[in-house]
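The data block below is target-v3.txt; it holds compact mmCIF, C-alpha atoms and all ligand atoms.
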# COMPACT_ATOMS: atom_id res chain seq x y z
CA MET S 5 5.36 -19.37 -4.17
CA TYR S 6 4.02 -17.16 -1.34
CA LYS S 7 1.75 -19.88 0.03
CA GLU S 8 4.36 -22.64 -0.29
CA ILE S 9 7.45 -20.88 1.03
CA ILE S 10 6.83 -17.53 2.69
CA GLN S 11 3.55 -18.11 4.51
CA PRO S 12 4.68 -21.23 6.44
CA ILE S 13 7.74 -19.36 7.71
CA LEU S 14 5.84 -16.23 8.63
CA ASN S 15 3.04 -18.26 10.25
CA LYS S 16 5.48 -19.07 13.01
CA CYS S 17 5.68 -15.37 13.95
CA ASP S 18 3.21 -13.38 15.98
CA SER S 19 0.62 -11.90 13.55
CA GLU S 20 1.78 -8.33 13.98
CA THR S 21 5.43 -9.26 13.44
CA PHE S 22 4.34 -11.13 10.28
CA HIS S 23 2.54 -8.03 9.14
CA ASP S 24 5.47 -5.71 9.84
CA LEU S 25 7.85 -8.06 8.01
CA ALA S 26 5.57 -8.21 5.00
CA ARG S 27 5.32 -4.41 4.81
CA GLU S 28 9.05 -3.89 5.26
CA SER S 29 9.81 -6.52 2.59
CA LEU S 30 7.72 -4.54 0.13
CA HIS S 31 9.47 -1.38 1.27
CA LEU S 32 12.82 -3.03 0.51
CA ALA S 33 11.60 -4.13 -2.90
CA GLU S 34 11.08 -0.45 -3.71
CA LEU S 35 14.85 -0.03 -3.82
CA SER S 36 15.01 -0.30 -7.61
CA PRO S 37 12.89 -0.98 -10.72
CA ILE S 38 14.59 -4.39 -10.98
CA THR S 39 13.55 -5.51 -7.50
CA LEU S 40 10.04 -4.24 -8.18
CA LYS S 41 9.84 -6.26 -11.40
CA PHE S 42 11.17 -9.26 -9.50
CA LEU S 43 8.47 -8.67 -6.88
CA GLU S 44 5.73 -8.84 -9.54
CA PHE S 45 6.88 -12.23 -10.79
CA PHE S 46 7.67 -13.59 -7.34
CA ALA S 47 4.24 -12.58 -6.09
CA ASP S 48 2.04 -13.61 -8.94
CA LYS S 49 4.11 -15.35 -11.66
CA HIS S 50 2.81 -12.63 -14.01
CA SER S 51 3.65 -9.02 -14.69
CA ARG S 52 1.18 -6.53 -13.24
CA PHE S 53 -2.29 -7.04 -14.72
CA GLU S 54 -3.79 -4.09 -16.56
CA ASP S 55 -7.14 -3.81 -18.32
CA LYS S 56 -8.89 -0.53 -19.14
CA ARG S 57 -12.34 -2.09 -18.57
CA LEU S 58 -11.52 -2.26 -14.86
CA SER S 59 -10.96 1.48 -14.40
CA VAL S 60 -13.06 3.41 -11.91
CA ASN S 61 -13.85 7.08 -11.43
CA LEU S 62 -14.58 8.07 -7.84
CA SER S 63 -15.87 11.63 -8.04
CA GLY S 64 -13.01 12.61 -10.29
CA LEU S 65 -10.40 10.34 -8.75
CA GLU S 66 -9.23 7.92 -11.43
CA LEU S 67 -8.32 4.41 -10.32
CA GLU S 68 -6.97 2.01 -12.91
CA ASN S 69 -8.75 -0.90 -11.25
CA PRO S 70 -11.20 -1.11 -8.31
CA LEU S 71 -8.76 -2.52 -5.75
CA ILE S 72 -7.52 -0.33 -2.90
CA VAL S 73 -5.47 -1.60 0.02
CA GLY S 74 -7.74 -0.88 2.99
CA ALA S 75 -6.71 1.25 5.96
CA GLY S 76 -4.62 -0.59 8.52
CA TRP S 77 -2.33 -2.48 6.15
CA ASP S 78 0.11 0.37 5.58
CA LYS S 79 -0.45 2.68 8.53
CA LYS S 80 2.90 4.40 8.05
CA GLY S 81 2.90 4.85 4.27
CA ARG S 82 6.01 2.82 3.56
CA ALA S 83 4.98 0.34 0.87
CA ILE S 84 2.79 2.23 -1.61
CA LEU S 85 4.83 1.42 -4.70
CA GLY S 86 5.33 -2.21 -3.68
CA LEU S 87 1.57 -2.63 -3.19
CA TRP S 88 0.93 -0.99 -6.56
CA HIS S 89 3.25 -3.52 -8.21
CA LEU S 90 1.22 -6.29 -6.55
CA GLY S 91 -1.76 -5.07 -8.61
CA PHE S 92 -3.56 -2.59 -6.35
CA ALA S 93 -4.61 0.72 -7.87
CA SER S 94 -4.38 2.66 -4.62
CA VAL S 95 -3.56 2.44 -0.93
CA GLU S 96 -5.51 3.98 1.92
CA VAL S 97 -2.79 4.98 4.35
CA GLY S 98 -3.46 5.09 8.06
CA SER S 99 -5.43 5.64 10.03
CA VAL S 100 -3.18 8.65 10.61
CA THR S 101 -3.33 10.44 13.95
CA GLU S 102 -2.19 13.95 14.80
CA TYR S 103 0.74 12.79 16.92
CA GLY S 104 2.39 9.40 17.33
CA GLN S 105 0.94 6.89 19.77
CA PRO S 106 1.75 3.21 20.39
CA GLY S 107 -1.79 1.82 20.42
CA ASN S 108 -2.90 -0.94 22.77
CA PRO S 109 -0.45 -3.35 24.46
CA GLN S 110 0.67 -6.34 22.36
CA PRO S 111 -0.36 -8.98 21.36
CA ARG S 112 -3.33 -7.33 19.68
CA LEU S 113 -3.60 -8.89 16.20
CA PHE S 114 -4.60 -12.54 15.83
CA MET S 115 -5.36 -14.87 12.94
CA ILE S 116 -8.16 -16.77 14.68
CA SER S 117 -8.79 -19.08 11.74
CA SER S 118 -7.53 -19.34 8.17
CA GLY S 119 -8.11 -15.92 6.59
CA VAL S 120 -10.00 -14.51 9.61
CA ALA S 121 -8.51 -11.89 11.96
CA ILE S 122 -9.36 -10.12 15.17
CA ASN S 123 -7.42 -6.98 16.05
CA TRP S 124 -7.47 -4.37 18.76
CA LEU S 125 -4.48 -2.37 17.60
CA GLY S 126 -6.00 0.93 18.76
CA PHE S 127 -4.63 3.38 16.18
CA ASN S 128 -0.93 2.64 16.47
CA SER S 129 0.32 5.47 14.29
CA PRO S 130 3.66 7.21 14.02
CA GLY S 131 1.72 10.46 13.70
CA MET S 132 1.05 12.71 10.72
CA ASP S 133 4.52 14.27 10.42
CA ILE S 134 6.28 10.93 10.03
CA VAL S 135 3.62 9.58 7.66
CA ALA S 136 3.94 12.76 5.57
CA LYS S 137 7.71 12.33 5.40
CA ASN S 138 7.29 8.70 4.33
CA LEU S 139 4.87 9.68 1.60
CA ASP S 140 7.23 12.29 0.13
CA ARG S 141 9.00 9.50 -1.75
CA TYR S 142 5.85 8.61 -3.71
CA LYS S 143 5.12 12.12 -4.93
CA ASN S 144 6.29 11.42 -8.48
CA THR S 145 4.59 8.06 -8.83
CA ASN S 146 1.06 9.33 -9.54
CA ILE S 147 -0.36 6.50 -7.46
CA PRO S 148 -3.60 7.76 -5.90
CA ILE S 149 -3.28 7.64 -2.13
CA GLY S 150 -6.18 7.71 0.30
CA ILE S 151 -5.62 9.18 3.73
CA SER S 152 -7.59 7.65 6.58
CA LEU S 153 -8.10 10.24 9.29
CA GLY S 154 -7.86 8.83 12.81
CA LEU S 155 -7.95 10.28 16.32
CA ASN S 156 -5.52 10.17 19.21
CA LYS S 157 -6.83 8.29 22.22
CA GLU S 158 -6.84 11.22 24.65
CA VAL S 159 -8.68 13.68 22.40
CA GLU S 160 -12.08 14.63 23.79
CA HIS S 161 -15.10 14.54 21.49
CA LYS S 162 -15.45 18.32 21.55
CA ASP S 163 -11.88 18.66 20.29
CA ALA S 164 -12.21 15.98 17.59
CA PRO S 165 -13.17 18.36 14.72
CA ARG S 166 -9.98 20.38 15.31
CA ALA S 167 -7.89 17.20 15.42
CA TYR S 168 -9.35 15.74 12.18
CA ALA S 169 -8.93 19.14 10.48
CA THR S 170 -5.28 19.33 11.60
CA VAL S 171 -4.47 15.93 10.08
CA THR S 172 -6.38 16.85 6.92
CA LYS S 173 -4.27 19.98 6.41
CA ARG S 174 -0.98 18.22 7.13
CA MET S 175 -1.75 15.33 4.77
CA TYR S 176 -3.55 17.39 2.09
CA GLU S 177 -0.74 17.45 -0.47
CA TYR S 178 -0.48 13.63 -0.45
CA ALA S 179 -4.18 12.78 -0.52
CA GLY S 180 -6.07 11.63 -3.58
CA TYR S 181 -9.01 11.26 -1.22
CA PHE S 182 -9.73 11.44 2.50
CA ALA S 183 -11.65 9.01 4.69
CA ILE S 184 -13.06 10.02 8.06
CA ASN S 185 -12.66 6.95 10.21
CA VAL S 186 -15.13 7.00 13.07
CA SER S 187 -15.73 3.27 13.06
CA SER S 188 -12.66 1.56 14.50
CA PRO S 189 -13.82 -0.35 17.57
CA ASN S 190 -10.53 -0.07 19.43
CA THR S 191 -10.44 3.57 20.49
CA PRO S 192 -12.90 4.03 23.35
CA GLY S 193 -15.82 6.24 22.32
CA LEU S 194 -14.73 6.64 18.68
CA ARG S 195 -17.80 4.97 17.21
CA LYS S 196 -19.95 7.50 19.11
CA LEU S 197 -18.63 10.07 16.60
CA GLN S 198 -20.87 8.40 13.99
CA ASP S 199 -23.82 10.05 15.76
CA LYS S 200 -25.31 12.99 13.94
CA GLU S 201 -24.40 15.59 16.57
CA TYR S 202 -20.68 14.78 16.17
CA ILE S 203 -20.27 13.63 12.58
CA VAL S 204 -21.73 16.85 11.17
CA GLN S 205 -19.03 18.86 12.93
CA LEU S 206 -16.30 16.49 11.78
CA ILE S 207 -17.36 16.63 8.15
CA GLU S 208 -17.64 20.42 8.27
CA ALA S 209 -14.20 20.71 9.86
CA VAL S 210 -12.57 18.45 7.26
CA ASN S 211 -14.33 20.23 4.38
CA GLN S 212 -13.26 23.61 5.73
CA ALA S 213 -9.68 22.37 6.13
CA MET S 214 -9.67 21.27 2.48
CA ASP S 215 -11.12 24.62 1.40
CA GLU S 216 -8.31 26.39 3.25
CA CYS S 217 -5.82 24.19 1.39
CA GLY S 218 -7.24 25.26 -1.97
CA ALA S 219 -9.89 22.77 -3.10
CA ARG S 220 -11.96 19.84 -1.97
CA LYS S 221 -10.85 16.30 -2.58
CA PRO S 222 -13.17 13.29 -2.54
CA LEU S 223 -14.25 12.66 1.05
CA PHE S 224 -15.54 9.36 2.39
CA VAL S 225 -16.98 8.40 5.76
CA LYS S 226 -16.11 4.89 6.93
CA ILE S 227 -18.83 3.21 8.91
CA ALA S 228 -19.11 0.26 11.28
CA PRO S 229 -21.03 -2.84 10.16
CA ASP S 230 -22.67 -2.96 13.58
CA LEU S 231 -24.89 0.08 12.98
CA THR S 232 -28.63 -0.44 12.51
CA PHE S 233 -30.06 0.42 9.09
CA ASP S 234 -31.89 3.35 10.75
CA ALA S 235 -28.60 4.73 12.05
CA ILE S 236 -27.03 4.21 8.62
CA ASP S 237 -29.91 6.09 6.97
CA GLU S 238 -29.42 9.03 9.32
CA LEU S 239 -25.73 9.05 8.51
CA LEU S 240 -26.38 8.86 4.76
CA GLN S 241 -28.60 11.93 4.95
CA VAL S 242 -25.93 13.84 6.88
CA CYS S 243 -23.35 12.86 4.25
CA ILE S 244 -25.58 13.94 1.38
CA ASP S 245 -26.41 17.24 3.10
CA HIS S 246 -22.74 18.00 3.76
CA SER S 247 -21.19 17.21 0.36
CA VAL S 248 -19.52 13.93 1.30
CA THR S 249 -18.45 11.92 -1.76
CA GLY S 250 -19.26 8.50 -0.44
CA ILE S 251 -19.24 5.80 2.18
CA ILE S 252 -16.67 3.13 2.97
CA ALA S 253 -18.63 0.12 4.15
CA SER S 254 -17.43 -1.34 6.43
CA ASN S 255 -14.93 -1.51 9.24
CA THR S 256 -14.41 -4.63 11.38
CA THR S 257 -17.33 -6.06 13.40
CA ILE S 258 -17.61 -6.34 17.16
CA ASN S 259 -20.57 -8.75 16.90
CA SER S 260 -19.96 -11.23 19.72
CA ASP S 261 -22.00 -14.06 18.17
CA LEU S 262 -19.83 -13.85 15.12
CA LYS S 263 -16.60 -13.68 17.11
CA GLY S 264 -17.89 -16.48 19.35
CA LYS S 265 -17.95 -18.92 16.42
CA TYR S 266 -14.18 -19.10 16.84
CA GLY S 267 -14.31 -20.03 20.53
CA THR S 268 -15.26 -18.55 23.88
CA ARG S 269 -11.89 -16.84 24.08
CA TRP S 270 -12.98 -14.54 21.25
CA LYS S 271 -16.68 -14.13 22.06
CA ASN S 272 -16.12 -11.44 24.65
CA SER S 273 -12.62 -10.36 23.66
CA PRO S 274 -12.04 -6.77 22.63
CA GLY S 275 -11.43 -5.98 18.99
CA GLY S 276 -13.05 -6.31 15.61
CA LEU S 277 -13.28 -9.31 13.30
CA SER S 278 -12.39 -9.11 9.62
CA GLY S 279 -11.66 -11.37 6.67
CA ASP S 280 -12.92 -14.65 5.31
CA ASP S 281 -16.00 -15.24 7.46
CA GLU S 282 -19.18 -15.94 5.50
CA SER S 283 -21.47 -14.07 7.93
CA TYR S 284 -19.19 -11.03 8.08
CA ARG S 285 -18.93 -10.95 4.30
CA LYS S 286 -22.73 -11.11 3.98
CA MET S 287 -23.23 -8.48 6.70
CA THR S 288 -21.00 -6.02 4.83
CA THR S 289 -22.54 -6.85 1.43
CA ASP S 290 -26.04 -6.31 2.84
CA ILE S 291 -25.01 -2.86 4.07
CA ILE S 292 -23.69 -1.98 0.60
CA THR S 293 -26.97 -3.12 -0.95
CA HIS S 294 -28.89 -0.98 1.53
CA ILE S 295 -26.75 2.11 0.88
CA TYR S 296 -26.91 1.64 -2.88
CA ARG S 297 -30.69 1.31 -2.84
CA ASN S 298 -31.16 4.39 -0.69
CA ALA S 299 -28.38 6.72 -1.79
CA GLY S 300 -26.53 5.08 -4.69
CA ASP S 301 -27.29 8.02 -6.98
CA LYS S 302 -25.76 10.52 -4.53
CA LEU S 303 -22.96 8.67 -2.76
CA ASP S 304 -20.18 6.46 -4.14
CA ILE S 305 -19.60 3.27 -2.19
CA ILE S 306 -16.25 1.68 -1.46
CA GLY S 307 -17.02 -1.91 -0.46
CA VAL S 308 -14.91 -3.72 2.12
CA GLY S 309 -15.35 -6.78 4.27
CA GLY S 310 -14.18 -10.30 3.58
CA ILE S 311 -13.13 -9.83 -0.05
CA ASN S 312 -10.60 -12.52 -0.93
CA ASN S 313 -11.22 -13.58 -4.54
CA ALA S 314 -12.95 -12.47 -7.76
CA GLU S 315 -16.27 -13.94 -6.67
CA SER S 316 -16.43 -11.99 -3.40
CA ALA S 317 -15.19 -8.87 -5.21
CA LEU S 318 -17.93 -9.18 -7.83
CA GLU S 319 -20.51 -9.75 -5.08
CA LYS S 320 -19.65 -6.36 -3.57
CA ILE S 321 -19.59 -4.59 -6.97
CA LYS S 322 -22.95 -6.05 -7.95
CA ALA S 323 -24.35 -4.99 -4.57
CA GLY S 324 -23.37 -1.40 -5.38
CA ALA S 325 -19.68 -0.81 -4.64
CA LYS S 326 -17.75 1.22 -7.21
CA ALA S 327 -14.38 0.41 -5.67
CA LEU S 328 -13.20 -2.21 -3.20
CA GLN S 329 -10.78 -2.51 -0.33
CA LEU S 330 -9.15 -5.50 1.24
CA VAL S 331 -6.83 -5.99 4.18
CA THR S 332 -7.02 -9.44 5.79
CA ALA S 333 -6.86 -11.33 2.47
CA ILE S 334 -3.38 -9.95 1.79
CA ARG S 335 -2.32 -12.22 4.65
CA GLY S 336 -4.81 -15.01 4.01
CA GLU S 337 -4.43 -15.27 0.23
CA GLY S 338 -0.97 -13.76 -0.11
CA THR S 339 0.76 -11.40 -2.47
CA ALA S 340 -1.03 -12.64 -5.61
CA VAL S 341 -4.48 -11.70 -4.34
CA ALA S 342 -4.92 -8.42 -6.26
CA GLY S 343 -3.68 -9.88 -9.55
CA LYS S 344 -5.96 -12.89 -9.17
CA ILE S 345 -9.00 -10.74 -8.40
CA ASN S 346 -8.37 -8.35 -11.28
CA ARG S 347 -7.84 -11.21 -13.74
CA GLY S 348 -10.96 -12.93 -12.39
CA ILE S 349 -13.07 -9.80 -12.86
CA ALA S 350 -11.75 -9.37 -16.41
CA ALA S 351 -12.58 -13.03 -17.18
CA TYR S 352 -16.12 -12.44 -15.87
CA LEU S 353 -16.50 -9.38 -18.14
CA ASP S 354 -15.35 -11.53 -21.10
CA ARG S 355 -17.80 -14.32 -20.26
CA GLU S 356 -20.74 -11.98 -19.82
CA GLY S 357 -19.85 -9.71 -22.73
CA VAL S 358 -19.76 -6.64 -20.47
CA SER S 359 -17.60 -3.72 -21.56
CA SER S 360 -16.73 -2.20 -18.15
CA ILE S 361 -17.22 -2.90 -14.47
CA GLN S 362 -19.19 0.33 -14.22
CA GLU S 363 -22.02 -1.50 -16.03
CA ILE S 364 -22.40 -4.08 -13.28
CA VAL S 365 -22.27 -1.77 -10.25
CA GLY S 366 -25.45 -2.38 -8.24
CA ILE S 367 -27.07 -4.87 -10.63
CA ASP S 368 -27.96 -7.21 -7.74
CA SER S 369 -29.30 -4.47 -5.49
CA SER S 370 -32.89 -4.72 -6.73
CA LYS S 371 -33.17 -8.48 -6.17
C1 LIG S 401 -4.80 -5.30 11.30
C2 LIG S 401 -5.89 -4.38 10.89
C3 LIG S 401 -5.76 -3.01 11.13
C4 LIG S 401 -6.76 -2.13 10.75
N1 LIG S 401 -6.60 -0.79 10.95
C5 LIG S 401 -7.53 0.07 10.49
C6 LIG S 401 -7.35 1.46 10.61
O1 LIG S 401 -6.34 1.94 11.14
N2 LIG S 401 -8.31 2.29 10.13
C7 LIG S 401 -9.44 1.81 9.53
O2 LIG S 401 -10.28 2.59 9.08
N3 LIG S 401 -9.65 0.48 9.38
C8 LIG S 401 -8.72 -0.39 9.85
N4 LIG S 401 -8.92 -1.73 9.69
C9 LIG S 401 -10.16 -2.22 9.05
C10 LIG S 401 -9.93 -2.53 7.56
O3 LIG S 401 -9.58 -1.37 6.84
C11 LIG S 401 -11.18 -3.17 6.94
O4 LIG S 401 -12.26 -2.27 7.05
C12 LIG S 401 -11.56 -4.47 7.61
O5 LIG S 401 -10.41 -5.21 7.96
C13 LIG S 401 -12.42 -5.34 6.70
O6 LIG S 401 -11.75 -5.69 5.52
P1 LIG S 401 -11.08 -7.14 5.30
O7 LIG S 401 -12.12 -8.16 5.61
O8 LIG S 401 -10.63 -7.12 3.88
O9 LIG S 401 -9.93 -7.21 6.24
C14 LIG S 401 -7.93 -2.64 10.11
C15 LIG S 401 -8.06 -4.01 9.89
C16 LIG S 401 -7.06 -4.89 10.26
C17 LIG S 401 -7.25 -6.36 10.01
As a first step, turn the structure in this file into structure tokens.
Amino acid sequence: MYKEIIQPILNKCDSETFHDLARESLHLAELSPITLKFLEFFADKHSRFEDKRLSVNLSGLELENPLIVGAGWDKKGRAILGLWHLGFASVEVGSVTEYGQPGNPQPRLFMISSGVAINWLGFNSPGMDIVAKNLDRYKNTNIPIGISLGLNKEVEHKDAPRAYATVTKRMYEYAGYFAINVSSPNTPGLRKLQDKEYIVQLIEAVNQAMDECGARKPLFVKIAPDLTFDAIDELLQVCIDHSVTGIIASNTTINSDLKGKYGTRWKNSPGGLSGDDESYRKMTTDIITHIYRNAGDKLDIIGVGGINNAESALEKIKAGAKALQLVTAIRGEGTAVAGKINRGIAAYLDREGVSSIQEIVGIDSSK
């Protein structure tokens, strides 16, 4: 129903307006249990899919299936319950900045081809206080929420540890896990924070902030797919040495050859590409394979990049990802995407006689 009725109407809007409408529609559906039940059937013609074999444990954080809505879809934290009813186990909210900022001038989000996006939003965030207030309403739902930690544009690198720690403390009570996002391409200089000299201080500041709040929660570092394997290896060692739980691989790519496939307009445009592009999907899967081979026993991997069906989800799991995130496919494939992926994974487990997805994590990494 989504593809036949809703998508053609929304396709006439600017991509960001489409996105905002989609999020606010889910928010509205949260009005009552009846509208939420209606949402499940409207979205997927099924009630929410559940299967214990799909459950995942990320350093103590229990997810009932591997699918997390990636950062950027619900930056404000307004549609957590709606997204859960669509079949996701969790939502990574944000990236959340210390204070509100508008991000880059619009337009700044484009569907450049079916299922493929380029965005240069630039951390448009209402700021941590408003996000916290929004998340208050989900406190009794028990839905695990990830908090993606972002950085205001004007903050200097030397002040970044304080800023990340401040957001960590403010969002602590809502977070099932935290993600340090130093890989968005749209805040000038942010990716530089992936360098050892900076990332060590950020991790230490976030860990200390959690300690001051009472206990550590799972902590992930989200990386760019444009790093060399040498740079990734250095980062992995830093993460292992500083008690990071795992890596989110990856953010959007700024690779100009890849963007250039969609026309000269995009080749040198700002922004990062995401979604259903074969080369991008492979690039992000190769990074997962590399991380799993080199640090899979010490770091959990959340795989992200071009996942849009059960096949691409299984590719990332078999490469080494314990859990998965998707963003662009919620637009490209529509509201049924999580249900379809979860049912597809379960069908694969049936066919192969496998008793849990845990058994297939990383099985392709030695090929
Ligand atoms: C519109 C949009 C906004 C995004 N905003 C963020 C963000 O604020 N923080 C972040 O860590 N990643 C952000 N991302 C990156 C996604 O979380 C994800 O890493 C990337 O889109 C690849 O996944 P996909 O191919 O499933 O979209 C954003 C992506 C898109 C498309």
Can you tell me, as a VMD selection string, what residues are no more than 12 Å from Lys221 of chain S when counting all atoms listed in the file, ignoring any on the same chain fewer than 3 positions away? chain S and resid 62 to 65 148 to 151 172 to 173 175 to 183 210 to 218 224 247 to 250
Residues of segment 197-308 of chain S that have any atom at most 10 Å from an atom of segment 100-116 of chain S: could you tabulate them with the shortest-distance atom pair and the distance in Å to one decimal, using only C-alpha atoms, ordered by chain and increasing number, as a tab-separated table?
residue	atom	partner	partner_atom	distance
S:Lys263	CA	S:Ile116	CA	9.3
S:Tyr266	CA	S:Ile116	CA	6.8
S:Gly267	CA	S:Ile116	CA	9.1
S:Trp270	CA	S:Ile116	CA	8.4
S:Pro274	CA	S:Arg112	CA	9.2
S:Gly275	CA	S:Arg112	CA	8.2
S:Gly276	CA	S:Leu113	CA	9.8
S:Leu277	CA	S:Ile116	CA	9.2
S:Ser278	CA	S:Met115	CA	9.7
S:Gly279	CA	S:Met115	CA	9.6
Taking only residues of chain S that have an atom at most 7 Å from an atom of ligand LIG 401 (chain S), what is each one's shortest atom pair and its distance in Å to one decimal, using only C-alpha atoms and all ligand atoms, in chain and number order, as JSON lines?
{"residue": "S:Gly74", "atom": "CA", "partner": "S:LIG401", "partner_atom": "O3", "distance": 4.3}
{"residue": "S:Ala75", "atom": "CA", "partner": "S:LIG401", "partner_atom": "O3", "distance": 4.0}
{"residue": "S:Gly76", "atom": "CA", "partner": "S:LIG401", "partner_atom": "N1", "distance": 3.1}
{"residue": "S:Trp77", "atom": "CA", "partner": "S:LIG401", "partner_atom": "C3", "distance": 6.1}
{"residue": "S:Lys79", "atom": "CA", "partner": "S:LIG401", "partner_atom": "O1", "distance": 6.5}
{"residue": "S:Gly98", "atom": "CA", "partner": "S:LIG401", "partner_atom": "O1", "distance": 5.3}
{"residue": "S:Ser99", "atom": "CA", "partner": "S:LIG401", "partner_atom": "O1", "distance": 4.0}
{"residue": "S:Leu113", "atom": "CA", "partner": "S:LIG401", "partner_atom": "C1", "distance": 6.2}
{"residue": "S:Ala121", "atom": "CA", "partner": "S:LIG401", "partner_atom": "C17", "distance": 6.0}
{"residue": "S:Ile122", "atom": "CA", "partner": "S:LIG401", "partner_atom": "C17", "distance": 6.7}
{"residue": "S:Asn123", "atom": "CA", "partner": "S:LIG401", "partner_atom": "C1", "distance": 5.7}
{"residue": "S:Leu125", "atom": "CA", "partner": "S:LIG401", "partner_atom": "C3", "distance": 6.6}
{"residue": "S:Phe127", "atom": "CA", "partner": "S:LIG401", "partner_atom": "O1", "distance": 5.5}
{"residue": "S:Ser152", "atom": "CA", "partner": "S:LIG401", "partner_atom": "O2", "distance": 6.3}
{"residue": "S:Asn185", "atom": "CA", "partner": "S:LIG401", "partner_atom": "O2", "distance": 5.1}
{"residue": "S:Ser187", "atom": "CA", "partner": "S:LIG401", "partner_atom": "O2", "distance": 6.8}
{"residue": "S:Ser188", "atom": "CA", "partner": "S:LIG401", "partner_atom": "C7", "distance": 5.9}
{"residue": "S:Lys226", "atom": "CA", "partner": "S:LIG401", "partner_atom": "O2", "distance": 6.6}
{"residue": "S:Ser254", "atom": "CA", "partner": "S:LIG401", "partner_atom": "O4", "distance": 5.3}
{"residue": "S:Asn255", "atom": "CA", "partner": "S:LIG401", "partner_atom": "O4", "distance": 3.5}
{"residue": "S:Thr256", "atom": "CA", "partner": "S:LIG401", "partner_atom": "C12", "distance": 4.7}
{"residue": "S:Ser278", "atom": "CA", "partner": "S:LIG401", "partner_atom": "O7", "distance": 4.1}
{"residue": "S:Gly279", "atom": "CA", "partner": "S:LIG401", "partner_atom": "O7", "distance": 3.4}
{"residue": "S:Asp280", "atom": "CA", "partner": "S:LIG401", "partner_atom": "O7", "distance": 6.5}
{"residue": "S:Val308", "atom": "CA", "partner": "S:LIG401", "partner_atom": "O6", "distance": 5.0}
{"residue": "S:Gly309", "atom": "CA", "partner": "S:LIG401", "partner_atom": "O7", "distance": 3.8}
{"residue": "S:Gly310", "atom": "CA", "partner": "S:LIG401", "partner_atom": "O7", "distance": 3.6}
{"residue": "S:Ile311", "atom": "CA", "partner": "S:LIG401", "partner_atom": "O8", "distance": 5.4}
{"residue": "S:Gln329", "atom": "CA", "partner": "S:LIG401", "partner_atom": "O8", "distance": 6.2}
{"residue": "S:Leu330", "atom": "CA", "partner": "S:LIG401", "partner_atom": "O8", "distance": 3.4}
{"residue": "S:Val331", "atom": "CA", "partner": "S:LIG401", "partner_atom": "O9", "distance": 3.9}
{"residue": "S:Thr332", "atom": "CA", "partner": "S:LIG401", "partner_atom": "O9", "distance": 3.7}
{"residue": "S:Ala333", "atom": "CA", "partner": "S:LIG401", "partner_atom": "O8", "distance": 5.8}
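Close contacts of Leu194 of chain S, defined as residues with an atom at most 12 Å away when counting all atoms listed in the file, with chain neighbours fewer than 2 positions off set aside, comprise Gly126, Phe127, Gly154, Leu155, Asn156, Lys157, Glu158, Val159, Glu160, His161, Ala164, Ile184, Asn185, Val186, Ser187, Ser188, Pro189, Asn190, Thr191, Pro192, Lys196, Leu197, Gln198, Asp199, Tyr202, Ile203, Lys226, Ile227 and Ala228 of chain S.
The shell of residues at most 10 Å from Glu315 of chain S, with only C-alpha atoms counted and near chain neighbours (fewer than 2 positions) removed, consists of S:Ile311, S:Asn312, S:Asn313, S:Ala317, S:Leu318, S:Glu319, S:Lys320, S:Ile321, S:Ile345, S:Gly348, S:Ile349, S:Tyr352.
Minimum distance to Gln362 of chain S across S:Ala26, S:Val60, S:Leu32, S:Leu262 (counting all atoms listed in the file) occurs at S:Val60.
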note - atom CA of Ile291 of chain S and atom CA of Leu239 of chain S are separated by 12.7 Å
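Each of S:Thr39, S:Ser369, S:Ser118, S:Ser260 was compared to Ile292 of chain S using only C-alpha atoms, and S:Ser369 turns out to be the nearest.
Rounded to one decimal, atom CA of Gly91 of chain S and atom CA of Glu68 of chain S lie 9.8 Å from each other.
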At what distance in Å, to one decimal, does atom CA of Lys200 of chain S lie from atom CA of Glu238 of chain S? 7.3 Å
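Of the listed residues S:Pro37, S:Arg141, S:Asn61, S:Lys162, the one whose atoms come nearest to Pro222 of chain S is S:Asn61, with distances taken using only C-alpha atoms.
Proximity ranking of S:Asp133, S:Glu201, S:Asp237, S:Glu208 relative to Ala169 of chain S places S:Glu208 first, based on all atoms listed in the file.
Residue nearest Asp230 of chain S, chosen from S:Ala209, S:Asp163, S:Asp368, S:Ile258 and counting all atoms listed in the file: S:Ile258.
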Hey, which of S:Leu87, S:Lys56, S:Asn298, S:Ile72 ends up closest to Glu28 of chain S? Count all atoms listed in the file. S:Leu87
